[in-house]
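Structure below is run12.txt: compact mmCIF, C-alpha atoms.
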```
# COMPACT_ATOMS: atom_id res chain seq x y z
CA GLU A 191 12.96 1.03 -12.57
CA HIS A 192 12.59 3.57 -9.78
CA PRO A 193 10.66 2.77 -6.60
CA PHE A 194 6.96 3.56 -6.76
CA VAL A 195 6.04 5.91 -3.89
CA TYR A 196 2.45 6.72 -2.95
CA SER A 197 0.55 8.16 -0.02
CA PHE A 198 -1.42 5.71 2.13
CA PRO A 199 -4.12 6.46 2.81
CA GLY A 200 -4.72 9.03 0.09
CA ALA A 201 -6.81 12.03 1.13
CA TYR A 202 -9.27 11.20 -1.67
CA GLU A 203 -9.94 7.73 -0.22
CA LEU A 204 -12.12 8.99 2.63
CA GLN A 205 -10.40 6.77 5.17
CA THR A 206 -8.40 7.02 8.36
CA VAL A 207 -5.74 4.67 9.70
CA THR A 208 -4.98 3.96 13.37
CA VAL A 209 -1.65 2.27 14.17
CA THR A 210 -1.15 0.64 17.59
CA TRP A 211 2.34 -0.45 18.73
CA LYS A 212 2.74 -4.16 19.62
CA GLY A 213 6.54 -4.35 19.63
CA GLY A 214 7.19 -4.42 23.37
CA LEU A 215 10.39 -2.68 24.46
CA ARG A 216 11.93 -2.85 21.00
CA ARG A 217 13.28 0.46 19.69
CA VAL A 218 13.27 1.31 15.99
CA PRO A 219 15.43 3.72 13.97
CA LEU A 220 14.12 7.20 13.18
CA PHE A 221 15.36 8.31 9.75
CA ALA A 222 15.53 11.80 8.20
CA GLN A 223 13.84 10.54 4.99
CA PRO A 224 11.65 7.52 4.13
CA HIS A 225 14.40 5.19 2.92
CA ARG A 226 16.82 2.81 4.61
CA ASP A 227 19.94 4.70 3.49
CA ALA A 228 18.78 8.05 4.93
CA ARG A 229 20.56 9.76 7.82
CA LEU A 230 19.79 8.10 11.17
CA LEU A 231 18.37 10.67 13.62
CA ASP A 232 17.70 8.55 16.70
CA PHE A 233 16.05 5.36 17.97
CA VAL A 234 12.45 5.57 19.24
CA GLY A 235 10.22 3.24 21.20
CA PHE A 236 6.61 3.10 22.29
CA GLN A 237 4.63 1.48 25.09
CA ASP A 238 2.84 -1.75 24.19
CA GLY A 239 -0.70 -0.84 23.12
CA GLU A 240 0.22 2.82 22.50
CA GLU A 241 -1.37 4.47 19.47
CA ILE A 242 1.37 5.85 17.21
CA SER A 243 0.57 9.43 16.33
CA TRP A 244 1.75 10.02 12.75
CA GLU A 245 1.81 13.05 10.47
CA GLU A 246 2.23 11.39 7.08
CA THR A 247 2.48 7.87 5.76
CA LEU A 248 4.02 6.55 2.54
CA MET A 249 4.28 3.22 0.78
CA VAL A 250 7.41 2.55 -1.27
CA ASN A 251 7.22 -0.39 -3.67
CA VAL A 252 10.52 -1.36 -5.27
CA SER A 253 9.43 -4.76 -6.65
CA PRO A 254 5.75 -5.04 -7.70
CA ARG A 255 4.21 -8.36 -8.75
CA GLN A 256 3.69 -8.41 -12.53
CA PHE A 257 0.89 -10.13 -14.42
CA GLU A 258 0.17 -10.64 -18.12
CA ALA A 259 -3.32 -11.03 -19.58
CA ILE A 260 -3.49 -14.41 -21.35
CA ARG A 261 -6.83 -13.40 -22.90
CA PRO A 262 -8.82 -10.15 -22.91
CA MET A 263 -10.46 -9.40 -19.58
CA GLU A 264 -12.69 -6.71 -18.10
CA PHE A 265 -13.15 -5.56 -14.53
CA TYR A 266 -14.17 -2.35 -12.79
CA ALA A 267 -11.70 0.00 -11.20
CA PHE A 268 -11.28 3.40 -9.58
CA ILE A 269 -8.52 5.62 -10.93
CA ARG A 270 -6.65 6.78 -7.82
CA GLY A 271 -6.16 10.49 -7.49
CA ALA A 272 -8.79 11.32 -10.10
CA GLU A 273 -11.31 13.98 -9.15
CA ASP A 274 -14.13 11.75 -10.34
CA GLN A 275 -14.18 8.74 -7.99
CA THR A 276 -16.81 6.79 -9.91
CA ARG A 277 -16.32 3.17 -10.85
CA GLN A 278 -15.07 2.65 -14.40
CA ASP A 279 -14.89 -0.38 -16.64
CA TRP A 280 -11.26 -1.39 -17.24
CA ARG A 281 -10.16 -3.68 -20.07
CA LEU A 282 -6.88 -5.54 -20.51
CA GLU A 283 -6.01 -6.90 -23.93
CA GLU A 284 -4.19 -10.21 -24.43
CA GLY A 285 -0.48 -9.75 -23.68
CA GLU A 286 -1.01 -6.51 -21.73
CA HIS A 287 0.78 -6.23 -18.37
CA ILE A 288 -0.55 -5.03 -15.02
CA GLU A 289 1.36 -4.58 -11.73
CA PHE A 290 0.15 -5.49 -8.25
CA ILE A 291 1.40 -2.73 -5.93
CA ALA A 292 -0.20 -3.57 -2.56
CA PRO A 293 -3.34 -4.91 -0.88
CA GLY A 294 -5.81 -2.14 -0.18
CA ILE A 295 -8.81 -1.83 2.08
CA GLU A 296 -12.17 -3.61 2.18
CA GLY A 297 -10.86 -6.44 -0.03
CA SER A 298 -9.40 -4.14 -2.66
CA CYS A 299 -5.92 -3.96 -4.15
CA LEU A 300 -3.77 -1.25 -5.64
CA LEU A 301 -2.58 -1.83 -9.22
CA ARG A 302 -0.71 0.03 -11.95
CA SER A 303 -1.99 -0.31 -15.51
CA ARG A 304 -1.13 1.86 -18.52
CA GLY A 305 0.60 4.34 -16.22
CA GLU A 306 -2.48 4.78 -14.01
CA LEU A 307 -2.77 3.84 -10.35
CA ILE A 308 -6.08 1.99 -9.93
CA SER A 309 -8.05 0.17 -7.21
CA THR A 310 -10.22 -2.90 -7.77
CA ASN A 311 -11.40 -6.02 -5.92
CA CYS A 312 -8.70 -8.47 -4.90
CA PRO A 313 -7.58 -11.00 -5.78
CA PHE A 314 -8.55 -10.02 -9.32
CA TRP A 315 -6.16 -12.60 -10.85
CA GLU A 316 -8.01 -15.75 -9.71
CA GLY A 317 -10.29 -15.99 -12.76
CA GLY A 318 -7.57 -17.57 -14.91
CA ASP A 319 -7.28 -14.58 -17.26
CA LEU A 320 -3.88 -13.51 -15.89
CA GLN A 321 -0.53 -15.23 -15.53
CA GLU A 322 2.00 -14.03 -12.97
CA LEU A 323 5.39 -13.25 -14.45
CA PRO A 324 8.53 -14.58 -12.71
CA ARG A 325 9.78 -12.33 -9.90
CA GLN A 326 10.83 -12.31 -6.27
CA ALA A 327 8.68 -14.40 -3.93
CA SER A 328 6.03 -12.57 -1.95
CA ASP A 329 5.13 -12.84 1.68
CA SER A 330 2.25 -15.20 2.43
CA ASP A 331 -0.16 -12.31 3.09
CA GLY A 332 0.31 -10.87 -0.41
CA TRP A 333 2.70 -8.05 0.44
CA SER A 334 5.57 -7.77 -1.98
CA ARG A 335 8.95 -8.13 -0.28
CA GLY A 336 9.74 -4.88 -2.06
CA THR A 337 7.01 -2.92 -0.26
CA GLN A 338 8.05 -0.64 2.58
CA TRP A 339 5.55 1.28 4.74
CA TRP A 340 6.84 4.45 6.39
CA LEU A 341 5.28 6.66 9.08
CA LYS A 342 6.41 10.25 9.63
CA ILE A 343 6.33 10.91 13.38
CA ARG A 344 7.53 13.48 15.89
CA SER A 345 9.73 12.25 18.73
CA GLY A 346 10.57 15.00 21.19
CA ARG A 347 11.91 17.87 19.11
CA GLN A 348 12.81 15.65 16.15
CA GLN A 349 10.62 14.76 13.24
CA GLY A 350 11.48 11.73 11.10
CA TRP A 351 10.39 8.47 9.51
CA ILE A 352 10.05 4.96 10.94
CA GLU A 353 9.61 1.88 8.78
CA MET A 354 6.73 -0.36 9.73
CA VAL A 355 8.46 -3.69 9.07
CA ARG A 356 6.41 -6.79 8.06
CA PRO A 357 7.19 -9.29 9.55
CA PRO A 358 7.63 -9.28 12.48
CA TYR A 359 4.19 -7.88 13.14
CA ILE A 360 4.97 -5.15 15.65
CA TYR A 361 1.76 -3.18 15.25
CA ASP A 362 -1.98 -3.46 14.66
CA VAL A 363 -3.65 -1.39 11.96
CA GLU A 364 -7.28 -0.35 11.81
CA VAL A 365 -8.56 1.23 8.61
CA HIS A 366 -11.84 3.11 8.76
CA MET A 367 -13.43 3.95 5.42
CA HIS A 368 -16.37 6.19 4.57
CA PRO A 369 -19.35 3.77 4.16
CA ASP A 370 -20.51 5.25 0.81
CA PHE A 371 -17.10 4.57 -0.74
CA ALA A 372 -17.04 0.95 0.50
CA HIS A 373 -20.32 0.12 -1.26
CA ASP A 374 -18.87 1.18 -4.64
CA TYR A 375 -16.70 -1.97 -4.67
CA ASP A 376 -19.75 -4.25 -4.68
CA ARG A 377 -20.94 -5.17 -8.14
```
Go ahead and render the structure in this file as structure tokens.
Amino acid sequence: EHPFVYSFPGAYELQTVTVTWKGGLRRVPLFAQPHRDARLLDFVGFQDGEEISWEETLMVNVSPRQFEAIRPMEFYAFIRGAEDQTRQDWRLEEGEHIEFIAPGIEGSCLLRSRGELISTNCPFWEGGDLQELPRQASDSDGWSRGTQWWLKIRSGRQQGWIEMVRPPYIYDVEVHMHPDFAHDYDR
């Protein structure tokens, strides 16, 4: 299966992300494209506490966590990228699979179900209606080892991509979401 690439944050999510460097004097590679095999352009560094000014950000998930419904279940979800951002009821039938892509904001998570990218409350699997399928181990904070976060930045006259590696935690992230959107997750 091909890596799943998506914008974070999406323009439709009404949120902004601030990234602050905490990596000390460490320099990181600047790539021409958002993947580890891309052409290396340079190495870049930031001052501790410096806000990283970015132009675009992407998540690349090459190994999502997979779950199977062991009985029918219902929950509410938002279909990502849809023009209508209203909450919808979502139903999984027994034996149906759903993929955990990444943790989201305000206690949400990003999932793929029936070919749709959806958001819902996390962890949605704790009710006993889902069983995780065997796969690679995940990091303790819920990030799949297969998830890469890339920032497109400008360094001098060059523009390129840096990977925000987890761990080690070399940055702080603040996500600010429009308050009306946050309330839609409460049920």
Atomic distance atom CA of Ile308 of chain A - atom CA of Leu341 of chain A, expressed in Å with one decimal |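 So the two atoms, atom CA of Ile308 of chain A and atom CA of Leu341 of chain A, lie 22.6 Å apart.
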Distance of atom CA of Glu353 of chain A from atom CA of Asp238 of chain A, expressed in Å to one decimal place =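 Value for the atom CA of Asp238 of chain A-atom CA of Glu353 of chain A distance: 17.2 Å.
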Just give me the gap between atom CA of Phe265 of chain A and atom CA of Arg304 of chain A in Å, one decimal is fine.
->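 If I compute the distance from atom CA of Phe265 of chain A to atom CA of Arg304 of chain A, I get 14.7 Å.
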So which one's closest to Asp362 of chain A, A:Glu241, A:Gly318, A:His287, A:Ala222? Using only C-alpha atoms, please.
->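 Looking only at the distances to Asp362 of chain A, the closest residue turns out to be A:Glu241.
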Residue among A:Gln349, A:Gln338, A:Thr310, A:Ser253 lying closest to Ile269 of chain A, counting all atoms listed in the file |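 Checking each candidate against Ile269 of chain A, we get A:Thr310 as the closest.
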Need the shell around Gly350 of chain A: protein/DNA/RNA residues with any atom at most 12 Å away, counting all atoms listed in the file. Skip same-chain ones fewer than 2 positions apart. Format as a JSON list (two decimals) with C-alpha atoms, keeping the file's coordinate frame?
```json
[["chain", "number", "residue", "atom", "x", "y", "z"],
["A", 218, "VAL", "CA", 13.27, 1.31, 15.99],
["A", 219, "PRO", "CA", 15.43, 3.72, 13.97],
["A", 220, "LEU", "CA", 14.12, 7.20, 13.18],
["A", 221, "PHE", "CA", 15.36, 8.31, 9.75],
["A", 222, "ALA", "CA", 15.53, 11.80, 8.20],
["A", 223, "GLN", "CA", 13.84, 10.54, 4.99],
["A", 224, "PRO", "CA", 11.65, 7.52, 4.13],
["A", 225, "HIS", "CA", 14.40, 5.19, 2.92],
["A", 228, "ALA", "CA", 18.78, 8.05, 4.93],
["A", 229, "ARG", "CA", 20.56, 9.76, 7.82],
["A", 230, "LEU", "CA", 19.79, 8.10, 11.17],
["A", 231, "LEU", "CA", 18.37, 10.67, 13.62],
["A", 232, "ASP", "CA", 17.70, 8.55, 16.70],
["A", 233, "PHE", "CA", 16.05, 5.36, 17.97],
["A", 234, "VAL", "CA", 12.45, 5.57, 19.24],
["A", 244, "TRP", "CA", 1.75, 10.02, 12.75],
["A", 245, "GLU", "CA", 1.81, 13.05, 10.47],
["A", 246, "GLU", "CA", 2.23, 11.39, 7.08],
["A", 247, "THR", "CA", 2.48, 7.87, 5.76],
["A", 340, "TRP", "CA", 6.84, 4.45, 6.39],
["A", 341, "LEU", "CA", 5.28, 6.66, 9.08],
["A", 342, "LYS", "CA", 6.41, 10.25, 9.63],
["A", 343, "ILE", "CA", 6.33, 10.91, 13.38],
["A", 344, "ARG", "CA", 7.53, 13.48, 15.89],
["A", 345, "SER", "CA", 9.73, 12.25, 18.73],
["A", 346, "GLY", "CA", 10.57, 15.00, 21.19],
["A", 347, "ARG", "CA", 11.91, 17.87, 19.11],
["A", 348, "GLN", "CA", 12.81, 15.65, 16.15],
["A", 352, "ILE", "CA", 10.05, 4.96, 10.94],
["A", 353, "GLU", "CA", 9.61, 1.88, 8.78]]
```
